[in-house]
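Engineer: Pasting in a structure now, in structure tokens, and then I'll have a few things to ask.
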Amino acid sequence: MERYNIPHPEIYEIIVSEYPDNTAKQAGESISKDVKDLPSIPITFATGDTMIPVARAVTNFEVDFSKVQAFHLDEYWRYPPDGKYSFIKFLYQNFFIPLGIDQRNIHTLNGLAKDPQKEVDRYEKLVTKHKIGLVILGIGPGGHIGFNESGTPFDSRTHLAQLSSETITRDQILRGQDTPNQALTQGIRTILEADRIILIAYGEEKGRILKKALHGDITPECPASALRLVGNKVTVLVDEKAGNLVK
Ligand code: GLP
């Protein structure tokens with residue numbers, strides 16, 4: 001199967017490839033192109049299973065990422081950076097070290113911050129100052145992006161989030177993680193302000209969530225539906241299993 005596009009009235013492009021690896025390769029190509037065009041581009045990186053093949057693919061393109069300004073989408077709070085499920089640890093292992101991003105250009109959320117309000121304010125200022133060129137997103141339970149759970153206002157900035165019972169079930173029961181019920185996350189408004197957004201999803205379950213986000217109401221109940229408000233800068237990359245559900 002070649003890749004094909006699903007037309008959508010609000011979204012710039014929705015591209016379906018056959019398998020997750022093909023989707024990840026396309027994401028890798030698209031991310032690498034942005035870095036070739038602007039070597040110092042500020043990029044927000046997401047974590048999760050979805051990103052593992054993306055990280056592999058982007059590394060294979062052998063583009064110079066050393067000047068990229070790297071940002072962190074979200075992090076459990078309070079959770080140590082060297083904890084087994086730390087997002088920052090994931091990003092170092094999968095993206096930052098393999099891509100050779102200069103340590104001085106890596107900007108992280110401190111999952112151990114004693115004063116989370118101070119930490120999110122600091123981070124929001126930093127993100128805004130750099131003006132993010134590209135955000136790479138996955139999608140989670142209830143249509144969450146980052147840790148913006150159902151009900152998060154669309155004008156939210158970086159904040160401390162209470163995780164939904166669905167996310168807690170996924171993390172602590174289905175995935176067996178000893179992670180907290182709260183997290184620091186870039187807000188929906190913070191994400192929407194980026195110049196370009198790529199959302200990646202594979203499989204039927206993600207397809208069902210995405211279907212709601214792309215074809216249901218634009219509502220804070222489904223945070224990813226907010227992407228349609230800035231759809232002209234959004235690329236959605238899916239495999240066939242997810243794609244079949246969003247046609
Ligand atoms: C996680 C993160 C999101 C991620 C999503 C999907 O909890 N907060 O940033 O995109 O859920 O994760 P996965 O790819 O593991 O399904």
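Each chain in the structure tokens gets a letter, A, B, ..., in the order shown, and its residues are numbered from 1; ligands are numbered from 1 in order too.
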Using DSSP on the backbone, list every residue of range 25-198 of chain A that comes out as strand (DSSP E or B), and give them as a VMD selection string.
Structural biologist: chain A and resid 42 to 45 69 to 72 74 to 77 106 to 107 134 to 137 140 144 to 145 148 159 to 162 182 to 185 196 to 198
Engineer: Write as a PyMOL selection string the residues around ligand 1, taking 8 Å as the cut-off and counting only C-alpha atoms and all ligand atoms.
Structural biologist: chain A and resi 46-51+73-75+137-141+144-148+167+171+201+206
Engineer: Could you list, as a list in words, every residue within 12 Å of Lys89 in chain A, counting only C-alpha atoms and ignoring same-chain residues fewer than 2 positions away?
Structural biologist: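 Within the cut-off, the hits are Ala46, Thr47, Gly48, His72, Asp74, Glu75, Tyr76, Tyr79, Pro80, Pro81, Asp82, Gly83, Lys84, Tyr85, Ser86, Phe87, Leu91, Tyr92, Gln93, Asn94, Phe95, Phe96, Ile97, Thr108, Leu109, Asn110 and Gly111 of chain A.
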Engineer: Using C-alpha atoms, can you write the selected residues to a file as a PDB file, in the first residue's frame?
Structural biologist:
```pdb
ATOM      1  CA  ALA A  46       6.653  14.018  23.351  1.00  0.00           C
ATOM      2  CA  THR A  47       7.206  10.644  24.992  1.00  0.00           C
ATOM      3  CA  GLY A  48       5.355   7.337  24.934  1.00  0.00           C
ATOM      4  CA  HIS A  72       9.871  18.767  27.037  1.00  0.00           C
ATOM      5  CA  ASP A  74       5.161  16.955  30.010  1.00  0.00           C
ATOM      6  CA  GLU A  75       6.468  15.220  33.131  1.00  0.00           C
ATOM      7  CA  TYR A  76       5.056  13.370  36.126  1.00  0.00           C
ATOM      8  CA  TYR A  79       8.842  12.226  40.064  1.00  0.00           C
ATOM      9  CA  PRO A  80      12.647  12.057  39.832  1.00  0.00           C
ATOM     10  CA  PRO A  81      14.397  12.564  36.473  1.00  0.00           C
ATOM     11  CA  ASP A  82      16.204   9.242  36.899  1.00  0.00           C
ATOM     12  CA  GLY A  83      12.999   7.338  37.803  1.00  0.00           C
ATOM     13  CA  LYS A  84      12.129   4.372  35.592  1.00  0.00           C
ATOM     14  CA  TYR A  85       9.191   6.145  33.928  1.00  0.00           C
ATOM     15  CA  SER A  86      10.592   9.678  33.880  1.00  0.00           C
ATOM     16  CA  PHE A  87       9.723  11.385  30.612  1.00  0.00           C
ATOM     17  CA  LEU A  91      13.706  11.862  25.908  1.00  0.00           C
ATOM     18  CA  TYR A  92      17.439  11.766  26.663  1.00  0.00           C
ATOM     19  CA  GLN A  93      17.645   8.073  25.837  1.00  0.00           C
ATOM     20  CA  ASN A  94      15.538   8.097  22.693  1.00  0.00           C
ATOM     21  CA  PHE A  95      15.967  11.562  21.187  1.00  0.00           C
ATOM     22  CA  PHE A  96      18.441  13.935  22.801  1.00  0.00           C
ATOM     23  CA  ILE A  97      21.523  11.702  23.094  1.00  0.00           C
ATOM     24  CA  THR A 108      13.283  20.537  30.782  1.00  0.00           C
ATOM     25  CA  LEU A 109      10.447  20.605  33.271  1.00  0.00           C
ATOM     26  CA  ASN A 110      11.607  19.754  36.767  1.00  0.00           C
ATOM     27  CA  GLY A 111       9.441  16.878  37.982  1.00  0.00           C
TER      28      GLY A 111
END
```
Engineer: Which is closer to Gly243 in chain A than all the others in A:Lys129, A:Arg122, A:Lys211, A:His8, using only C-alpha atoms?
Structural biologist: A:Lys211
Engineer: Could you tell me which of A:Lys233, A:Arg170, A:Lys25, A:Lys247 comes closest to Leu192 in chain A if we count only C-alpha atoms?
Structural biologist: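 Smallest separation from Leu192 in chain A among the options: A:Lys233.
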Engineer: Can you list, as a PyMOL selection string, every protein, DNA or RNA residue that comes within 12 Å of Lys118 in chain A when you count only C-alpha atoms, leaving out same-chain residues fewer than 5 positions away?
Structural biologist: chain A and resi 109-110+113+123-125+158-160+184
Engineer: For Glu221 in chain A, which of A:Thr235, A:Ser164, A:Ser40, A:Gln26 is the closest residue, counting only C-alpha atoms?
Structural biologist: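 Ranking A:Thr235, A:Ser164, A:Ser40, A:Gln26 by distance to Glu221 in chain A, first place goes to A:Ser164.
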Engineer: Using DSSP on the backbone, list every residue of range 157-212 of chain A that comes out as helix (DSSP H, G or I), and give them as a PyMOL selection string.
Structural biologist: chain A and resi 165-174+188-192+203-212
Engineer: Could you tell me how far CA of Leu214 in chain A lies from CA of Val236 in chain A, in Å and to one decimal?
Structural biologist: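 Interatomic distance, CA of Leu214 in chain A to CA of Val236 in chain A: 10.0 Å.
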Engineer: So how far away is CA of Leu227 in chain A from CA of Arg3 in chain A, in Å?
Structural biologist: 22.5 Å
Engineer: Give the answer as one residue: which of A:Ile198, A:Pro42, A:Ala57, A:Ile191 has the shortest atom-to-atom distance to Pro20 in chain A, using only C-alpha atoms?
Structural biologist: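 Answer, going by the shortest atom-to-atom distance: A:Ala57.
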Engineer: Looking at only C-alpha atoms, which of A:Glu166, A:Arg196, A:Gly203, A:Thr23 is the one that sits closest to Asn232 in chain A?
Structural biologist: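 Using only C-alpha atoms, the shortest distance to Asn232 in chain A belongs to A:Arg196.
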Engineer: Quick one: everything within 7 Å of Ile101 in chain A, counting only C-alpha atoms, minus sequence neighbours fewer than 6 positions away in the same chain. Send it as a compact mmCIF listing (two decimals) with C-alpha atoms, in the first residue's frame.
Structural biologist:
```txt
# COMPACT_ATOMS: atom_id res chain seq x y z
CA PHE A 65 20.34 18.29 15.48
CA SER A 66 23.10 19.81 17.62
CA LYS A 67 21.68 23.34 17.36
CA VAL A 68 18.04 22.37 17.93
```
Engineer: CA of Asp121 in chain A and CA of Val35 in chain A are how many Å apart?
Structural biologist: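 Computing it gives 27.6 Å between the two atoms.
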Engineer: Point out the residue among A:Ile43, A:Ala24, A:Ile168, A:Leu163 with the least atom-to-atom distance to His130 in chain A, counting only C-alpha atoms.
Structural biologist: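 Checking each of A:Ile43, A:Ala24, A:Ile168, A:Leu163 against His130 in chain A, counting only C-alpha atoms, the winner is A:Ile43.
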Engineer: I'd like the contact shell of Pro9 in chain A - 12 Å cut-off, only C-alpha atoms, skipping same-chain residues fewer than 3 positions apart - returned as number ranges by chain.
Structural biologist: A: 6, 12-14, 214-215, 228-232
